[in-house]
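Here's the structure we're looking at; comments come further down.
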Amino acid sequence: MFLTINDISKDYMNQQTVQTVLSSINVTIKEGEFVSILGPSGCGKSTLLSIVAGLTKPTTGEIRLKDSVIKGPGKDRGMVFQQAALFPWMTVEENVLFAIRDIKDKKDQLEKAHHFLKMVQLSSSLHLHPHELSGGMQQRVSIARALAMNPTVLLMDEPFGALDEQTRMLLQKELEKIWLETKKTVLFVTHSIYESIKLSDRILVMGTRPGEIIADITVDIERPRLRTDEQVTRLESEISNLLEKEIEKVMYEELGR
Ligand SMILES: Nc1ncnc2c1ncn2[C@@H]1O[C@H](COP(=O)(O)OP(=O)(O)OP(=O)(O)O)[C@@H](O)[C@H]1O
C-alpha cells in the first residue's frame with residue numbers, strides 16, 4: 001500500500017499524568033486518494049497529521065510511505081497549515097522560489113514556481129509581499145509552495161479554517177481542480193463535514209478519548225458535489241449524528257457522569 005498508518009498510538013505527559021491521545025490507528029491509503037480526517041476538537045487529528053509529517057514521534061507503531069518507514073520530516077511530504085507562514089520580507093514569487101532553492105537550473109526553478117502560482121491563480125501577484133495579500137491569497141501561495149516541492153503526499157491541517165465562507169468555498173473548488181489535475185495523495189484535516197464530503201474520496205471519522213477511527217466512509221458521489229445534492233445532505237446528517245454522539249460523550253465525561 002502507498003501510505004500505511006500502522007498501529008499508531010500517542011501518549012502525552014500532561015501535568016504529570018499520561019494522556020493517551022491516539023490509540024491503535026490503522027489506515028491504508030492508496031496513491032492519489034484524497035482522504036479527510038474529521039473529528040471533535042481535541043481528538044488528535046493534528047497530532048496524527050504531525051506524526052505522518054514526521055514532526056511528532058508516535059509512542060507505538062510506524063508510518064510507511066511507499067517502502068520507507070517515516071523517521072522524521074522529509075521532502076516527500078508537503079505541509080499546509082491553517083496559517084500560511086510565509087516569509088514576510090519575500091515576494092509571492094520569492095516565497096515559492098525559496099522552497100525549491102535546491103533546483104540548480106534557475107530557469108527551471110522559475111518555470112516551476114510560475115507554473116504552480118498560475119495553478120492557484122496568482123500569476124498577476126508575483127511581486128506582492130504577504131502583507132499585500134488577502135488571507136485566501138496567502139493560503140494559495142502556501143499551497144503553490146507545497147506543490148512546487150513535488151511531495152509524494154500533501155498534508156493539509158485545516159488549511160481553510162481561518163478564511164471567510166466565500167473564500168473558503170472558492171478555495172475548495174480550486175483545490176478540487178488542482179487535485180483532479182495533479183492526482184496528488186492528500187491527507188486533509190477539517191472541522192467542516194460539508195468540506196470533507198465535497199473534496200474527499202474517503203472520510204476518516206475520529207472519536208475521542210482516546211482518539212480512534214470510528215468510521216471509514218467512502219464518498220461515492222459524482223463530482224462536482226453541490227451542497228444541495230440529496231446524497232450530500234444525507235451523508236452530512238449521517239456524519240453529524242456520529243460526531244454528536246462523540247461530543248456528547250466528552251461533555252458527559254467532563255461533567256463527571
Ligand atoms: N505537544 C503536546 N503536548 C502535550 N499535549 C498535547 C500536545 N499536542 C497536543 N496535545 C494534546 O493532545 C490532544 C489532541 O490535540 P490535537 O491538536 O491533535 O487535536 P485536534 O483534534 O487536532 O484538535 P482541534 O480540532 O481542536 O484542532 C489535546 O488534548 C491536546 O491538548
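Residues are named by chain letter and number: chains run A, B, ... in the order of the C-alpha cells, numbers start at 1 in each chain, and ligands are numbered from 1 in the order shown.
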**OP:** For Asn241 (chain A), list every protein, DNA or RNA residue within 12 Å, evaluated using only C-alpha atoms, and leave out those in the same chain fewer than 5 positions away; present the list as number ranges by chain.
**Re:** A: 39, 193, 205, 215, 234-236, 246-248
Original post:
Quick one: residues within 8 Å of ligand 1, with only C-alpha atoms and all ligand atoms, as a list of chain:residue names?
Top reply: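 Counting only what the definition allows, namely only C-alpha atoms and all ligand atoms, the set is A:Tyr12, A:Met13, A:Asn14, A:Gln19, A:Val21, A:Gly39, A:Pro40, A:Ser41, A:Gly42, A:Cys43, A:Gly44, A:Lys45, A:Ser46, A:Thr47, A:Leu48, A:Val189, A:Thr190, A:His191.
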Compile a residue-level contact table for region 29-103 of chain A against region 216-232 of chain A at a cut-off of 10 Å, reporting for every qualifying residue the shortest atom pair and its distance in Å to one decimal, with only C-alpha atoms counted, rows ordered by chain and ascending number, as CSV.
residue,atom,partner,partner_atom,distance
A:Val35,CA,A:Thr218,CA,9.3
A:Ser36,CA,A:Ile217,CA,9.8
A:Ile37,CA,A:Asp216,CA,9.5
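Backbone DSSP of region 139-220 of chain A yields strand (DSSP E) at Val153, Leu154, Leu155, Met156, Asp157, Thr185, Val186, Leu187, Phe188, Val189, Arg202, Ile203, Leu204, Val205, Met206, Gly207, Glu212, Ile213, Ile214, Ala215, Asp216, Ile217 and Thr218 of chain A.
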Just N, CA and C atoms for this one: save the residues we selected as a PDB file, in the first residue's frame.
ATOM      1  N   VAL A 153       3.085  13.137  -0.879  1.00  0.00           N
ATOM      2  CA  VAL A 153       1.812  13.301  -0.168  1.00  0.00           C
ATOM      3  C   VAL A 153       1.677  14.754   0.275  1.00  0.00           C
ATOM      4  N   LEU A 154       0.477  15.289   0.133  1.00  0.00           N
ATOM      5  CA  LEU A 154       0.205  16.644   0.608  1.00  0.00           C
ATOM      6  C   LEU A 154      -0.594  16.529   1.906  1.00  0.00           C
ATOM      7  N   LEU A 155      -0.046  17.119   2.983  1.00  0.00           N
ATOM      8  CA  LEU A 155      -0.707  17.058   4.291  1.00  0.00           C
ATOM      9  C   LEU A 155      -1.278  18.440   4.582  1.00  0.00           C
ATOM     10  N   MET A 156      -2.578  18.523   4.806  1.00  0.00           N
ATOM     11  CA  MET A 156      -3.216  19.833   4.981  1.00  0.00           C
ATOM     12  C   MET A 156      -3.981  19.859   6.306  1.00  0.00           C
ATOM     13  N   ASP A 157      -3.555  20.770   7.202  1.00  0.00           N
ATOM     14  CA  ASP A 157      -4.173  20.832   8.527  1.00  0.00           C
ATOM     15  C   ASP A 157      -5.100  22.043   8.606  1.00  0.00           C
ATOM     16  N   THR A 185      -1.708  12.514  -3.646  1.00  0.00           N
ATOM     17  CA  THR A 185      -2.343  11.905  -2.481  1.00  0.00           C
ATOM     18  C   THR A 185      -2.475  13.011  -1.430  1.00  0.00           C
ATOM     19  N   VAL A 186      -3.689  13.189  -0.899  1.00  0.00           N
ATOM     20  CA  VAL A 186      -3.894  14.286   0.061  1.00  0.00           C
ATOM     21  C   VAL A 186      -4.480  13.730   1.361  1.00  0.00           C
ATOM     22  N   LEU A 187      -3.915  14.174   2.476  1.00  0.00           N
ATOM     23  CA  LEU A 187      -4.474  13.885   3.801  1.00  0.00           C
ATOM     24  C   LEU A 187      -4.868  15.238   4.379  1.00  0.00           C
ATOM     25  N   PHE A 188      -6.156  15.406   4.657  1.00  0.00           N
ATOM     26  CA  PHE A 188      -6.724  16.742   4.859  1.00  0.00           C
ATOM     27  C   PHE A 188      -7.523  16.769   6.168  1.00  0.00           C
ATOM     28  N   VAL A 189      -7.082  17.574   7.126  1.00  0.00           N
ATOM     29  CA  VAL A 189      -7.809  17.691   8.397  1.00  0.00           C
ATOM     30  C   VAL A 189      -8.787  18.852   8.297  1.00  0.00           C
ATOM     31  N   ARG A 202     -12.483   9.585   0.551  1.00  0.00           N
ATOM     32  CA  ARG A 202     -12.733   8.845   1.797  1.00  0.00           C
ATOM     33  C   ARG A 202     -12.711   9.798   2.973  1.00  0.00           C
ATOM     34  N   ILE A 203     -13.545   9.528   3.964  1.00  0.00           N
ATOM     35  CA  ILE A 203     -13.530  10.344   5.187  1.00  0.00           C
ATOM     36  C   ILE A 203     -13.274   9.414   6.374  1.00  0.00           C
ATOM     37  N   LEU A 204     -12.243   9.765   7.150  1.00  0.00           N
ATOM     38  CA  LEU A 204     -11.993   9.017   8.388  1.00  0.00           C
ATOM     39  C   LEU A 204     -12.605   9.845   9.518  1.00  0.00           C
ATOM     40  N   VAL A 205     -13.572   9.276  10.205  1.00  0.00           N
ATOM     41  CA  VAL A 205     -14.191   9.996  11.319  1.00  0.00           C
ATOM     42  C   VAL A 205     -13.537   9.495  12.595  1.00  0.00           C
ATOM     43  N   MET A 206     -13.020  10.450  13.391  1.00  0.00           N
ATOM     44  CA  MET A 206     -12.345  10.062  14.625  1.00  0.00           C
ATOM     45  C   MET A 206     -13.222  10.292  15.840  1.00  0.00           C
ATOM     46  N   GLY A 207     -13.139   9.368  16.762  1.00  0.00           N
ATOM     47  CA  GLY A 207     -13.775   9.541  18.059  1.00  0.00           C
ATOM     48  C   GLY A 207     -12.711  10.060  19.009  1.00  0.00           C
ATOM     49  N   GLU A 212      -9.577   7.545  18.140  1.00  0.00           N
ATOM     50  CA  GLU A 212      -9.500   6.356  17.295  1.00  0.00           C
ATOM     51  C   GLU A 212     -10.445   6.535  16.121  1.00  0.00           C
ATOM     52  N   ILE A 213     -10.274   5.721  15.111  1.00  0.00           N
ATOM     53  CA  ILE A 213     -11.133   5.898  13.938  1.00  0.00           C
ATOM     54  C   ILE A 213     -12.431   5.132  14.161  1.00  0.00           C
ATOM     55  N   ILE A 214     -13.536   5.862  14.159  1.00  0.00           N
ATOM     56  CA  ILE A 214     -14.822   5.196  14.416  1.00  0.00           C
ATOM     57  C   ILE A 214     -15.592   4.926  13.125  1.00  0.00           C
ATOM     58  N   ALA A 215     -15.192   5.569  12.037  1.00  0.00           N
ATOM     59  CA  ALA A 215     -15.840   5.264  10.750  1.00  0.00           C
ATOM     60  C   ALA A 215     -14.892   5.611   9.611  1.00  0.00           C
ATOM     61  N   ASP A 216     -14.905   4.765   8.597  1.00  0.00           N
ATOM     62  CA  ASP A 216     -14.080   4.967   7.405  1.00  0.00           C
ATOM     63  C   ASP A 216     -15.060   4.939   6.237  1.00  0.00           C
ATOM     64  N   ILE A 217     -15.382   6.130   5.741  1.00  0.00           N
ATOM     65  CA  ILE A 217     -16.507   6.263   4.799  1.00  0.00           C
ATOM     66  C   ILE A 217     -16.001   6.558   3.388  1.00  0.00           C
ATOM     67  N   THR A 218     -16.392   5.743   2.427  1.00  0.00           N
ATOM     68  CA  THR A 218     -16.061   6.018   1.027  1.00  0.00           C
ATOM     69  C   THR A 218     -17.132   6.945   0.464  1.00  0.00           C
TER      70      THR A 218
END
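Of the residues under consideration (A:Arg145, A:Asp67, A:Glu62, A:Leu122), A:Arg145 shows the shortest atom-to-atom contact distance to Ala85 (chain A) when counting only C-alpha atoms.
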**OP:** Return as an MDAnalysis selection string the full set of residues in region 47-202 of chain A whose backbone-based DSSP assignment is alpha helix (DSSP H).
**Re:** chainID A and resid 47:53 92:99 106:119 135:148 165:182 193:199
